[in-house]
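Data block for data29.pdb (PDB, C-alpha atoms (C1' of nucleotides)):
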MODEL        1
ATOM      1  CA  MET I   1       0.000   0.000   0.000
ATOM      2  CA  GLU I   2       2.935   2.288   0.376
ATOM      3  CA  GLY I   3       4.587   4.092  -2.454
ATOM      4  CA  GLU I   4       5.282   7.745  -2.005
ATOM      5  CA  MET I   5       2.578   8.165   0.523
ATOM      6  CA  LEU I   6       4.681   8.475   3.576
ATOM      7  CA  LYS I   7       6.865  11.212   2.224
ATOM      8  CA  GLY I   8       6.747  13.928   4.787
ATOM      9  CA  HIS I   9       5.164  11.682   7.377
ATOM     10  CA  LEU I  10       7.999   9.303   8.057
ATOM     11  CA  ASP I  11       9.696  11.432  10.661
ATOM     12  CA  MET I  12       6.458  11.526  12.585
ATOM     13  CA  ILE I  13       6.053   7.781  12.294
ATOM     14  CA  VAL I  14       9.509   7.116  13.656
ATOM     15  CA  LEU I  15       9.060   9.616  16.454
ATOM     16  CA  ALA I  16       5.737   7.996  17.313
ATOM     17  CA  ALA I  17       7.372   4.570  17.388
ATOM     18  CA  LEU I  18       9.858   5.875  19.933
ATOM     19  CA  ALA I  19       7.283   7.648  22.055
ATOM     20  CA  PRO I  20       6.678   4.661  24.373
ATOM     21  CA  GLY I  21      10.350   4.437  25.206
ATOM     22  CA  PRO I  22      13.885   3.951  23.883
ATOM     23  CA  ALA I  23      14.542   1.376  21.212
ATOM     24  CA  HIS I  24      17.237   0.445  18.745
ATOM     25  CA  GLY I  25      16.822   0.823  15.012
ATOM     26  CA  TYR I  26      15.942  -2.705  14.146
ATOM     27  CA  ALA I  27      13.364  -2.759  16.938
ATOM     28  CA  VAL I  28      11.860   0.478  15.620
ATOM     29  CA  ILE I  29      11.207  -1.236  12.325
ATOM     30  CA  GLU I  30       9.435  -4.099  14.020
ATOM     31  CA  GLU I  31       7.562  -1.834  16.368
ATOM     32  CA  ILE I  32       6.210   0.156  13.437
ATOM     33  CA  LYS I  33       5.229  -3.042  11.661
ATOM     34  CA  ARG I  34       3.567  -4.421  14.764
ATOM     35  CA  ARG I  35       1.719  -1.295  15.813
ATOM     36  CA  SER I  36       0.455  -0.631  12.311
ATOM     37  CA  ALA I  37      -0.741  -4.236  12.043
ATOM     38  CA  GLY I  38       1.631  -4.812   9.166
ATOM     39  CA  GLY I  39       0.492  -1.699   7.345
ATOM     40  CA  PHE I  40       3.977  -0.240   7.399
ATOM     41  CA  ASP I  41       6.745  -2.706   6.686
ATOM     42  CA  LEU I  42       9.666  -0.406   6.172
ATOM     43  CA  PRO I  43      13.061  -1.508   4.886
ATOM     44  CA  GLU I  44      16.172  -0.791   6.897
ATOM     45  CA  GLY I  45      17.444   1.537   4.223
ATOM     46  CA  THR I  46      14.481   3.720   4.948
ATOM     47  CA  ILE I  47      14.674   3.803   8.709
ATOM     48  CA  TYR I  48      18.359   4.179   9.448
ATOM     49  CA  PRO I  49      18.811   7.389   7.483
ATOM     50  CA  VAL I  50      15.758   8.804   9.233
ATOM     51  CA  LEU I  51      17.172   7.972  12.636
ATOM     52  CA  HIS I  52      20.408   9.708  11.701
ATOM     53  CA  ARG I  53      18.572  12.714  10.372
ATOM     54  CA  LEU I  54      16.452  13.008  13.495
ATOM     55  CA  GLU I  55      19.451  12.621  15.747
ATOM     56  CA  GLN I  56      21.265  15.261  13.749
ATOM     57  CA  ALA I  57      18.266  17.515  14.214
ATOM     58  CA  GLY I  58      18.373  16.992  17.955
ATOM     59  CA  LEU I  59      15.027  15.233  18.131
ATOM     60  CA  LEU I  60      16.572  11.914  19.097
ATOM     61  CA  ALA I  61      19.469  11.000  21.340
ATOM     62  CA  GLY I  62      21.359   7.862  20.369
ATOM     63  CA  ARG I  63      23.767   5.788  22.417
ATOM     64  CA  TRP I  64      25.610   2.549  21.884
ATOM     65  CA  VAL I  65      24.482  -0.242  24.148
ATOM     66  CA  THR I  66      25.799  -3.739  24.528
ATOM     67  CA  ALA I  67      22.987  -6.231  24.901
ATOM     68  CA  ASP I  68      23.140  -9.299  27.126
ATOM     69  CA  SER I  69      23.990 -11.304  24.070
ATOM     70  CA  GLY I  70      27.024  -9.136  23.570
ATOM     71  CA  ARG I  71      25.663  -7.558  20.441
ATOM     72  CA  ARG I  72      26.158  -3.845  20.024
ATOM     73  CA  ARG I  73      23.072  -1.790  19.335
ATOM     74  CA  ARG I  74      22.349   1.852  18.779
ATOM     75  CA  VAL I  75      19.504   2.798  21.091
ATOM     76  CA  TYR I  76      17.539   5.946  20.370
ATOM     77  CA  GLU I  77      15.390   7.993  22.662
ATOM     78  CA  LEU I  78      13.206  11.043  22.185
ATOM     79  CA  THR I  79      14.746  14.239  23.441
ATOM     80  CA  ARG I  80      12.540  16.920  24.892
ATOM     81  CA  ARG I  81      12.663  18.687  21.549
ATOM     82  CA  GLY I  82      11.727  15.415  19.971
ATOM     83  CA  GLU I  83       8.668  15.145  22.159
ATOM     84  CA  ARG I  84       7.637  18.647  21.280
ATOM     85  CA  ALA I  85       8.251  17.954  17.617
ATOM     86  CA  LEU I  86       6.124  14.837  17.802
ATOM     87  CA  ALA I  87       3.270  16.783  19.366
ATOM     88  CA  GLU I  88       3.542  19.372  16.597
ATOM     89  CA  ARG I  89       3.706  16.789  13.857
ATOM     90  CA  ARG I  90       0.708  15.135  15.333
ATOM     91  CA  ALA I  91      -1.274  18.372  15.313
ATOM     92  CA  VAL I  92      -0.276  18.997  11.714
ATOM     93  CA  TRP I  93      -1.265  15.446  10.873
ATOM     94  CA  LYS I  94      -4.684  16.115  12.329
ATOM     95  CA  GLN I  95      -5.049  19.227  10.194
ATOM     96  CA  PHE I  96      -3.903  17.287   7.194
ATOM     97  CA  SER I  97      -6.231  14.356   7.654
ATOM     98  CA  ASP I  98      -9.118  16.635   8.536
ATOM     99  CA  ALA I  99      -8.530  18.542   5.319
ATOM    100  CA  ILE I 100      -8.595  15.308   3.345
ATOM    101  CA  GLY I 101     -11.713  14.333   5.243
ATOM    102  CA  SER I 102     -13.537  17.480   4.281
ATOM    103  CA  LEU I 103     -12.525  17.006   0.675
ATOM    104  CA  PHE I 104     -14.347  13.700   0.768
ATOM    105  CA  LYS I 105     -17.313  14.952   2.673
ATOM    106  CA  GLY I 106     -20.493  14.855   0.655
ATOM    107  CA  THR I 107     -18.855  13.066  -2.243
ATOM    108  CA  GLY I 108     -18.978   9.650  -0.753
ATOM    109  CA  ARG I 109     -22.113   8.303  -2.263
ATOM    110  CA  ASN I 110     -22.165   6.040  -5.191
ATOM    111  CA  PRO I 111     -25.197   6.296  -7.426
ATOM    112  CA  ALA I 112     -26.503   2.808  -6.843
TER     113      ALA I 112
ATOM    114  CA  MET M   1       1.406  23.375   6.794
ATOM    115  CA  GLU M   2       2.337  21.581   3.605
ATOM    116  CA  GLY M   3       5.802  20.508   2.693
ATOM    117  CA  GLU M   4       6.300  17.073   1.284
ATOM    118  CA  MET M   5       3.268  15.765   3.018
ATOM    119  CA  LEU M   6       0.995  15.433   0.070
ATOM    120  CA  LYS M   7       3.398  13.411  -1.986
ATOM    121  CA  GLY M   8       1.489  10.359  -3.016
ATOM    122  CA  HIS M   9      -1.821  11.858  -1.956
ATOM    123  CA  LEU M  10      -2.161  14.600  -4.502
ATOM    124  CA  ASP M  11      -3.729  12.463  -7.197
ATOM    125  CA  MET M  12      -6.406  11.471  -4.756
ATOM    126  CA  ILE M  13      -6.986  15.074  -3.759
ATOM    127  CA  VAL M  14      -7.453  16.179  -7.337
ATOM    128  CA  LEU M  15      -9.706  13.246  -8.126
ATOM    129  CA  ALA M  16     -11.758  14.053  -5.038
ATOM    130  CA  ALA M  17     -12.058  17.671  -6.117
ATOM    131  CA  LEU M  18     -13.500  16.512  -9.430
ATOM    132  CA  ALA M  19     -15.846  13.976  -7.890
ATOM    133  CA  PRO M  20     -18.798  16.392  -7.610
ATOM    134  CA  GLY M  21     -18.585  17.189 -11.304
ATOM    135  CA  PRO M  22     -16.470  18.553 -14.143
ATOM    136  CA  ALA M  23     -14.293  21.571 -13.584
ATOM    137  CA  HIS M  24     -11.402  23.349 -15.236
ATOM    138  CA  GLY M  25      -7.928  23.459 -13.758
ATOM    139  CA  TYR M  26      -8.068  26.830 -12.153
ATOM    140  CA  ALA M  27     -11.403  25.969 -10.586
ATOM    141  CA  VAL M  28      -9.955  22.746  -9.214
ATOM    142  CA  ILE M  29      -7.369  24.765  -7.351
ATOM    143  CA  GLU M  30     -10.041  26.955  -5.808
ATOM    144  CA  GLU M  31     -12.303  24.036  -5.073
ATOM    145  CA  ILE M  32      -9.524  22.316  -3.175
ATOM    146  CA  LYS M  33      -8.769  25.480  -1.266
ATOM    147  CA  ARG M  34     -12.416  26.041  -0.451
ATOM    148  CA  ARG M  35     -13.284  22.503   0.522
ATOM    149  CA  SER M  36     -10.206  22.129   2.699
ATOM    150  CA  ALA M  37     -10.997  25.422   4.433
ATOM    151  CA  GLY M  38      -7.748  26.884   3.176
ATOM    152  CA  GLY M  39      -5.754  23.911   4.365
ATOM    153  CA  PHE M  40      -4.549  23.167   0.868
ATOM    154  CA  ASP M  41      -3.601  26.205  -1.186
ATOM    155  CA  LEU M  42      -1.842  24.616  -4.093
ATOM    156  CA  PRO M  43       0.101  26.507  -6.735
ATOM    157  CA  GLU M  44      -0.806  26.114 -10.390
ATOM    158  CA  GLY M  45       2.506  24.470 -11.102
ATOM    159  CA  THR M  46       1.436  21.685  -8.820
ATOM    160  CA  ILE M  47      -2.036  21.096 -10.185
ATOM    161  CA  TYR M  48      -1.609  21.309 -13.933
ATOM    162  CA  PRO M  49       0.996  18.578 -14.184
ATOM    163  CA  VAL M  50      -1.220  16.369 -12.060
ATOM    164  CA  LEU M  51      -4.183  16.936 -14.352
ATOM    165  CA  HIS M  52      -2.057  16.024 -17.347
ATOM    166  CA  ARG M  53      -0.728  12.950 -15.640
ATOM    167  CA  LEU M  54      -4.199  11.796 -14.646
ATOM    168  CA  GLU M  55      -5.558  12.425 -18.110
ATOM    169  CA  GLN M  56      -2.651  10.501 -19.572
ATOM    170  CA  ALA M  57      -3.475   7.672 -17.214
ATOM    171  CA  GLY M  58      -7.064   7.676 -18.395
ATOM    172  CA  LEU M  59      -8.499   8.692 -15.053
ATOM    173  CA  LEU M  60      -9.628  12.073 -16.329
ATOM    174  CA  ALA M  61     -11.117  13.192 -19.608
ATOM    175  CA  GLY M  62     -10.306  16.729 -20.662
ATOM    176  CA  ARG M  63     -11.958  18.900 -23.270
ATOM    177  CA  TRP M  64     -11.568  22.486 -24.384
ATOM    178  CA  VAL M  65     -14.571  24.619 -23.625
ATOM    179  CA  THR M  66     -15.238  28.222 -24.510
ATOM    180  CA  ALA M  67     -16.873  30.019 -21.616
ATOM    181  CA  ASP M  68     -19.562  32.707 -22.009
ATOM    182  CA  SER M  69     -16.827  35.256 -21.597
ATOM    183  CA  GLY M  70     -15.093  33.801 -24.608
ATOM    184  CA  ARG M  71     -12.217  32.487 -22.587
ATOM    185  CA  ARG M  72     -10.950  29.031 -23.429
ATOM    186  CA  ARG M  73     -10.774  26.568 -20.595
ATOM    187  CA  ARG M  74      -9.712  22.980 -20.249
ATOM    188  CA  VAL M  75     -12.500  21.166 -18.440
ATOM    189  CA  TYR M  76     -11.768  17.850 -16.787
ATOM    190  CA  GLU M  77     -14.088  15.116 -15.758
ATOM    191  CA  LEU M  78     -13.662  11.800 -13.984
ATOM    192  CA  THR M  79     -13.773   8.818 -16.271
ATOM    193  CA  ARG M  80     -15.175   5.498 -15.168
ATOM    194  CA  ARG M  81     -11.671   4.382 -14.377
ATOM    195  CA  GLY M  82     -11.124   7.631 -12.531
ATOM    196  CA  GLU M  83     -14.082   6.968 -10.299
ATOM    197  CA  ARG M  84     -12.840   3.509  -9.558
ATOM    198  CA  ALA M  85      -9.361   4.844  -8.901
ATOM    199  CA  LEU M  86     -10.745   7.420  -6.520
ATOM    200  CA  ALA M  87     -12.614   4.751  -4.585
ATOM    201  CA  GLU M  88      -9.433   2.716  -4.374
ATOM    202  CA  ARG M  89      -7.314   5.631  -3.321
ATOM    203  CA  ARG M  90      -9.853   6.440  -0.708
ATOM    204  CA  ALA M  91      -9.717   2.919   0.696
ATOM    205  CA  VAL M  92      -5.943   3.055   0.744
ATOM    206  CA  TRP M  93      -6.132   6.432   2.437
ATOM    207  CA  LYS M  94      -8.271   4.894   5.132
ATOM    208  CA  GLN M  95      -5.752   2.124   5.653
ATOM    209  CA  PHE M  96      -2.997   4.673   5.761
ATOM    210  CA  SER M  97      -4.648   6.991   8.230
ATOM    211  CA  ASP M  98      -5.807   4.089  10.360
ATOM    212  CA  ALA M  99      -2.246   2.821  10.477
ATOM    213  CA  ILE M 100      -1.031   6.220  11.615
ATOM    214  CA  GLY M 101      -3.852   6.279  14.120
ATOM    215  CA  SER M 102      -2.854   2.983  15.642
ATOM    216  CA  LEU M 103       0.723   4.142  15.844
ATOM    217  CA  PHE M 104      -0.485   6.902  18.082
ATOM    218  CA  LYS M 105      -2.886   4.763  19.981
ATOM    219  CA  GLY M 106      -1.773   3.227  23.260
ATOM    220  CA  THR M 107       1.634   4.776  23.142
ATOM    221  CA  GLY M 108       2.849   2.665  25.992
ATOM    222  CA  ARG M 109       1.194  -0.500  26.993
ATOM    223  CA  ASN M 110       1.141  -3.806  25.264
ATOM    224  CA  PRO M 111      -1.890  -5.989  25.677
ATOM    225  CA  ALA M 112      -0.393  -8.655  27.897
TER     226      ALA M 112
ATOM    227  C1'  DC R   1      32.238 -27.767  12.462
ATOM    228  C1'  DC R   2      29.692 -25.533   8.695
ATOM    229  C1'  DG R   3      26.130 -23.121   6.477
ATOM    230  C1'  DC R   4      22.271 -20.397   6.824
ATOM    231  C1'  DA R   5      18.822 -17.509   8.818
ATOM    232  C1'  DA R   6      17.833 -13.761  11.714
ATOM    233  C1'  DT R   7      19.578  -9.908  13.915
ATOM    234  C1'  DA R   8      21.771  -5.401  13.534
ATOM    235  C1'  DC R   9      24.112  -1.829  11.531
ATOM    236  C1'  DC R  10      25.424   1.295   7.461
ATOM    237  C1'  DT R  11      25.643   4.056   2.799
ATOM    238  C1'  DA R  12      25.681   5.343  -2.253
ATOM    239  C1'  DG R  13      22.832   5.818  -6.011
ATOM    240  C1'  DT R  14      18.130   6.066  -7.980
ATOM    241  C1'  DA R  15      13.592   7.676  -8.981
ATOM    242  C1'  DA R  16       9.438   9.969  -7.991
ATOM    243  C1'  DC R  17       7.082  14.140  -7.633
ATOM    244  C1'  DG R  18       5.623  18.611  -5.594
ATOM    245  C1'  DT R  19       7.435  23.171  -5.920
ATOM    246  C1'  DT R  20       9.727  27.191  -7.771
ATOM    247  C1'  DA R  21      10.003  30.241 -11.235
ATOM    248  C1'  DG R  22       9.418  31.426 -15.131
ATOM    249  C1'  DG R  23       6.340  32.165 -19.589
ATOM    250  C1'  DT R  24       1.782  33.382 -22.502
ATOM    251  C1'  DA R  25      -2.784  35.339 -23.033
ATOM    252  C1'  DT R  26      -7.537  37.144 -21.985
ATOM    253  C1'  DG R  27     -11.355  39.759 -19.514
ATOM    254  C1'  DA R  28     -12.706  43.143 -16.020
ATOM    255  C1'  DC R  29     -12.258  47.320 -13.755
ATOM    256  C1'  DA R  30     -10.470  51.781 -12.342
TER     257       DA R  30
ATOM    258  C1'  DT W   1      -4.127  52.544 -19.928
ATOM    259  C1'  DG W   2      -2.578  49.739 -16.685
ATOM    260  C1'  DT W   3      -3.125  46.386 -13.418
ATOM    261  C1'  DC W   4      -5.319  42.543 -11.433
ATOM    262  C1'  DA W   5      -7.553  38.127 -11.509
ATOM    263  C1'  DT W   6      -8.287  34.522 -14.463
ATOM    264  C1'  DA W   7      -6.410  30.638 -17.081
ATOM    265  C1'  DC W   8      -3.161  27.915 -19.148
ATOM    266  C1'  DC W   9       1.683  25.741 -19.530
ATOM    267  C1'  DT W  10       6.640  23.763 -18.697
ATOM    268  C1'  DA W  11      11.697  23.237 -17.376
ATOM    269  C1'  DA W  12      14.631  22.819 -13.612
ATOM    270  C1'  DC W  13      15.215  21.952  -8.782
ATOM    271  C1'  DG W  14      15.357  19.772  -4.174
ATOM    272  C1'  DT W  15      13.680  16.630  -1.004
ATOM    273  C1'  DT W  16      13.283  12.044   0.329
ATOM    274  C1'  DA W  17      11.954   7.151   0.488
ATOM    275  C1'  DC W  18      13.533   3.194  -1.684
ATOM    276  C1'  DT W  19      16.842  -0.175  -3.964
ATOM    277  C1'  DA W  20      20.732  -2.631  -3.614
ATOM    278  C1'  DG W  21      24.520  -3.360  -1.986
ATOM    279  C1'  DG W  22      27.958  -4.066   2.099
ATOM    280  C1'  DT W  23      29.750  -5.721   7.077
ATOM    281  C1'  DA W  24      29.392  -8.389  11.322
ATOM    282  C1'  DT W  25      27.385 -11.178  15.121
ATOM    283  C1'  DT W  26      24.303 -14.755  17.228
ATOM    284  C1'  DG W  27      22.010 -19.054  17.104
ATOM    285  C1'  DC W  28      20.183 -22.771  14.795
ATOM    286  C1'  DG W  29      20.159 -27.364  12.261
ATOM    287  C1'  DG W  30      22.794 -30.733   9.834
TER     288       DG W  30
ENDMDL
END

Starting from the file, give its structure as structure tokens.
Amino acid sequence: MEGEMLKGHLDMIVLAALAPGPAHGYAVIEEIKRRSAGGFDLPEGTIYPVLHRLEQAGLLAGRWVTADSGRRRRVYELTRRGERALAERRAVWKQFSDAIGSLFKGTGRNPA
Amino acid sequence: MEGEMLKGHLDMIVLAALAPGPAHGYAVIEEIKRRSAGGFDLPEGTIYPVLHRLEQAGLLAGRWVTADSGRRRRVYELTRRGERALAERRAVWKQFSDAIGSLFKGTGRNPA
DNA sequence: CCGCAATACCTAGTAACGTTAGGTATGACA
DNA sequence: TGTCATACCTAACGTTACTAGGTATTGCGG
């Protein structure tokens, strides 16, 4: 179902995936897939650059963590700016989807 | 509020604007602006290429019309395929916005 | 032990597409 | 007469998600 649809929304999606708490990149991918009921199944090449971009922008804080297994992971967490940004993005999303909604309003009926 | 957000959604928006009935390009722009309560104020350079693309794809039928004023206008209308495409896009939009919605929903707890 | 899948990270190049920034022309109004 | 709104168009640009590759570790089955 994807395509170009999530252009401009992906930052919000990633921020939303990290809202519950810190997670590493690979887990973010699975969290997005899980929480969207499979609706968003994003490749790694999509997510990692976003994480870097958001960290660069100060919306995420990343740190290297060594898991029990010994594997090194990069764990990201929302900064305070990130939380604010998420709230903003969410408000804009509401405006956006409301605008789409009103475009559809009254045009929904099919003539038999 | 725009940005890159409507990438992948613009076709749907234009199709939706033409759902009530035929209109020429300039009118489509104003219809979108009006129906979205100013939320979408799209430049001509955005809309015209979309109209051409959709006509090329067979989703719109365009014809030259001379208005009472004598001015020539290109009037577009949804084709059968365009109507079907709009219905599809709308269903996909619902999936998309539902997926975003569930990303926001329950931003903490897992069931069990 | 070996091979393979899953995990986990990364980046360069590509392609799509909305926007910017120009251009042309007409009708209405001061 | 000049300026604005109407009405159309297109080339070039920039952003950005995706493709397609790469590296390395853990854990599994054979």

**Request:** Tell me which protein, DNA and RNA residues are within 9 Å of region 14-24 of chain W, counting all atoms listed in the file, leaving out same-chain ones fewer than 2 positions away, and put them as number ranges by chain.
**Result:** I: 3-4, 6-8, 10, 43, 45-46; M: 4; R: 8-15, 19

**Asked** Looking at I:Ser36, I:Arg72, I:Glu31, I:Asp11, which one is nearest to chain M, with distances taken over all atoms listed in the file?
**Response**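 Under the stated criterion, the closest residue is I:Ser36.
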
**Prompt:** Which RMSD value, in Å, follows from superposing chain M onto chain I on all C-alpha atoms in order by least squares?
**Reply:**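 For chain I versus chain M, the C-alpha RMSD is 3.3 Å.
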
Find the axis-aligned box for region 31-48 of chain I, covering all its listed atoms and adding 6 Å on each side, and write its centre and edge lengths in Å to one decimal as JSON.
{"center_x": 8.8, "center_y": -0.3, "center_z": 10.3, "size_x": 31.1, "size_y": 21.0, "size_z": 24.1}

**Asked** When distances are computed from all atoms listed in the file, which of I:Ala23, I:Leu86, I:Ala67, I:Ile32 shows the smallest separation from chain M?
**Response**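 Smallest distance to chain M is found for I:Ile32.
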
Selection under test: the PyMOL selection byres ((chain M and resi 89) around 12); residues as a short mmCIF file (atom, residue, chain, number, x, y, z; two decimals) with C-alpha atoms, in the coordinates of the input:
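Written out: selection_27.cif:
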data_model
loop_
_atom_site.label_atom_id
_atom_site.label_comp_id
_atom_site.auth_asym_id
_atom_site.auth_seq_id
_atom_site.Cartn_x
_atom_site.Cartn_y
_atom_site.Cartn_z
CA MET I 1 0.00 0.00 0.00
CA GLU I 2 2.94 2.29 0.38
CA MET I 5 2.58 8.16 0.52
CA ILE I 100 -8.60 15.31 3.34
CA PHE I 104 -14.35 13.70 0.77
CA GLY M 8 1.49 10.36 -3.02
CA HIS M 9 -1.82 11.86 -1.96
CA LEU M 10 -2.16 14.60 -4.50
CA ASP M 11 -3.73 12.46 -7.20
CA MET M 12 -6.41 11.47 -4.76
CA ILE M 13 -6.99 15.07 -3.76
CA VAL M 14 -7.45 16.18 -7.34
CA LEU M 15 -9.71 13.25 -8.13
CA ALA M 16 -11.76 14.05 -5.04
CA ARG M 81 -11.67 4.38 -14.38
CA GLY M 82 -11.12 7.63 -12.53
CA GLU M 83 -14.08 6.97 -10.30
CA ARG M 84 -12.84 3.51 -9.56
CA ALA M 85 -9.36 4.84 -8.90
CA LEU M 86 -10.74 7.42 -6.52
CA ALA M 87 -12.61 4.75 -4.58
CA GLU M 88 -9.43 2.72 -4.37
CA ARG M 90 -9.85 6.44 -0.71
CA ALA M 91 -9.72 2.92 0.70
CA VAL M 92 -5.94 3.06 0.74
CA TRP M 93 -6.13 6.43 2.44
CA LYS M 94 -8.27 4.89 5.13
CA GLN M 95 -5.75 2.12 5.65
CA PHE M 96 -3.00 4.67 5.76
CA SER M 97 -4.65 6.99 8.23
#

**Request:** Decode the PyMOL selection byres ((chain W) within 9 of (chain M)) for the given file into explicit residues and return them as a list in words.
**Result:** DT6, DA7, DC8, DC9, DT10, DT15 and DT16 of chain W

Give the residues of chain R that lie within 9 Å of chain M; count all atoms listed in the file, and format the answer as a compact mmCIF listing (two decimals) with C-alpha atoms (C1' of nucleotides), in the frame of the given file.
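File iface01.txt, as written:
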# COMPACT_ATOMS: atom_id res chain seq x y z
C1' DC R 17 7.08 14.14 -7.63
C1' DG R 18 5.62 18.61 -5.59
C1' DT R 19 7.44 23.17 -5.92
C1' DT R 20 9.73 27.19 -7.77
C1' DT R 26 -7.54 37.14 -21.98
C1' DG R 27 -11.36 39.76 -19.51

**Message:** For this structure, which residues satisfy the selection - the PyMOL selection byres ((chain W and resi 11) around 10) - when it is evaluated on the file as given? I want them as a VMD selection string.
**Reply:** (chain R and resid 21 to 22) or (chain W and resid 10 12 to 13)

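Between CA of Ile29 (chain M) and CA of Thr66 (chain M) the interatomic distance comes to 19.2 Å.
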
**Prompt:** Any idea what the distance is between CA of Glu77 (chain I) and CA of Leu60 (chain I)?
**Reply:** 5.4 Å

**Prompt:** Interatomic distance between CA of Leu51 (chain I) and CA of Val28 (chain I)?
**Reply:**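 Distance between the two atoms: 9.7 Å.
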
**Asked** Of the candidates M:Lys105, M:Ala99, M:Trp64, M:Gly21, which shows the shortest atom-to-atom distance to chain I, using all atoms listed in the file?
**Response**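 Of M:Lys105, M:Ala99, M:Trp64, M:Gly21, the one nearest chain I, counting all atoms listed in the file, is M:Ala99.
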
**Message:** So, with all atoms listed in the file as the atoms that count, which of M:Arg53, M:Leu18, M:Arg63, M:Thr79 lies closest to chain I?
**Reply:**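 Closest to chain I of all the choices is M:Leu18.
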
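With all atoms listed in the file as the atoms that count, the minimum distance from chain I to the choices M:Gln56, M:Lys33, M:Pro22, M:Ala61 is reached by M:Lys33.
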
**Request:** Please provide as a PyMOL selection string all residues within 10 Å of DC28 (chain W), with the sequence filter that same-chain residues fewer than 4 positions apart are discarded (counting only C-alpha atoms (C1' of nucleotides)).
**Result:** chain R and resi 4-6

Could you please fill out region 71-86 of chain I with N, CA and C atoms and send it back as an mmCIF file, keeping the file's coordinate frame?
data_model
loop_
_atom_site.group_PDB
_atom_site.id
_atom_site.type_symbol
_atom_site.label_atom_id
_atom_site.label_comp_id
_atom_site.auth_asym_id
_atom_site.auth_seq_id
_atom_site.Cartn_x
_atom_site.Cartn_y
_atom_site.Cartn_z
ATOM 1 N N ARG I 71 25.797 -8.279 21.702
ATOM 2 C CA ARG I 71 25.663 -7.558 20.441
ATOM 3 C C ARG I 71 25.526 -6.054 20.690
ATOM 4 N N ARG I 72 26.218 -5.293 19.873
ATOM 5 C CA ARG I 72 26.158 -3.845 20.024
ATOM 6 C C ARG I 72 24.961 -3.282 19.264
ATOM 7 N N ARG I 73 24.241 -2.416 19.945
ATOM 8 C CA ARG I 73 23.072 -1.790 19.335
ATOM 9 C C ARG I 73 23.115 -0.293 19.560
ATOM 10 N N ARG I 74 22.477 0.403 18.629
ATOM 11 C CA ARG I 74 22.349 1.852 18.779
ATOM 12 C C ARG I 74 20.925 2.133 19.256
ATOM 13 N N VAL I 75 20.818 2.566 20.492
ATOM 14 C CA VAL I 75 19.504 2.798 21.091
ATOM 15 C C VAL I 75 19.162 4.285 21.036
ATOM 16 N N TYR I 76 17.981 4.558 20.531
ATOM 17 C CA TYR I 76 17.539 5.946 20.370
ATOM 18 C C TYR I 76 16.417 6.263 21.344
ATOM 19 N N GLU I 77 16.365 7.522 21.689
ATOM 20 C CA GLU I 77 15.390 7.993 22.662
ATOM 21 C C GLU I 77 14.942 9.387 22.245
ATOM 22 N N LEU I 78 13.693 9.697 22.465
ATOM 23 C CA LEU I 78 13.206 11.043 22.185
ATOM 24 C C LEU I 78 13.856 12.042 23.132
ATOM 25 N N THR I 79 14.336 13.135 22.582
ATOM 26 C CA THR I 79 14.746 14.239 23.441
ATOM 27 C C THR I 79 13.506 15.072 23.765
ATOM 28 N N ARG I 80 13.686 16.070 24.589
ATOM 29 C CA ARG I 80 12.540 16.920 24.892
ATOM 30 C C ARG I 80 12.070 17.633 23.628
ATOM 31 N N ARG I 81 13.028 18.073 22.837
ATOM 32 C CA ARG I 81 12.663 18.687 21.549
ATOM 33 C C ARG I 81 11.941 17.693 20.668
ATOM 34 N N GLY I 82 12.369 16.451 20.758
ATOM 35 C CA GLY I 82 11.727 15.415 19.971
ATOM 36 C C GLY I 82 10.278 15.226 20.383
ATOM 37 N N GLU I 83 10.045 15.280 21.664
ATOM 38 C CA GLU I 83 8.668 15.145 22.159
ATOM 39 C C GLU I 83 7.811 16.298 21.677
ATOM 40 N N ARG I 84 8.386 17.479 21.764
ATOM 41 C CA ARG I 84 7.637 18.647 21.280
ATOM 42 C C ARG I 84 7.361 18.515 19.796
ATOM 43 N N ALA I 85 8.398 18.103 19.067
ATOM 44 C CA ALA I 85 8.251 17.954 17.617
ATOM 45 C C ALA I 85 7.163 16.939 17.284
ATOM 46 N N LEU I 86 7.139 15.854 18.042
ATOM 47 C CA LEU I 86 6.124 14.837 17.802
ATOM 48 C C LEU I 86 4.723 15.415 18.017
#
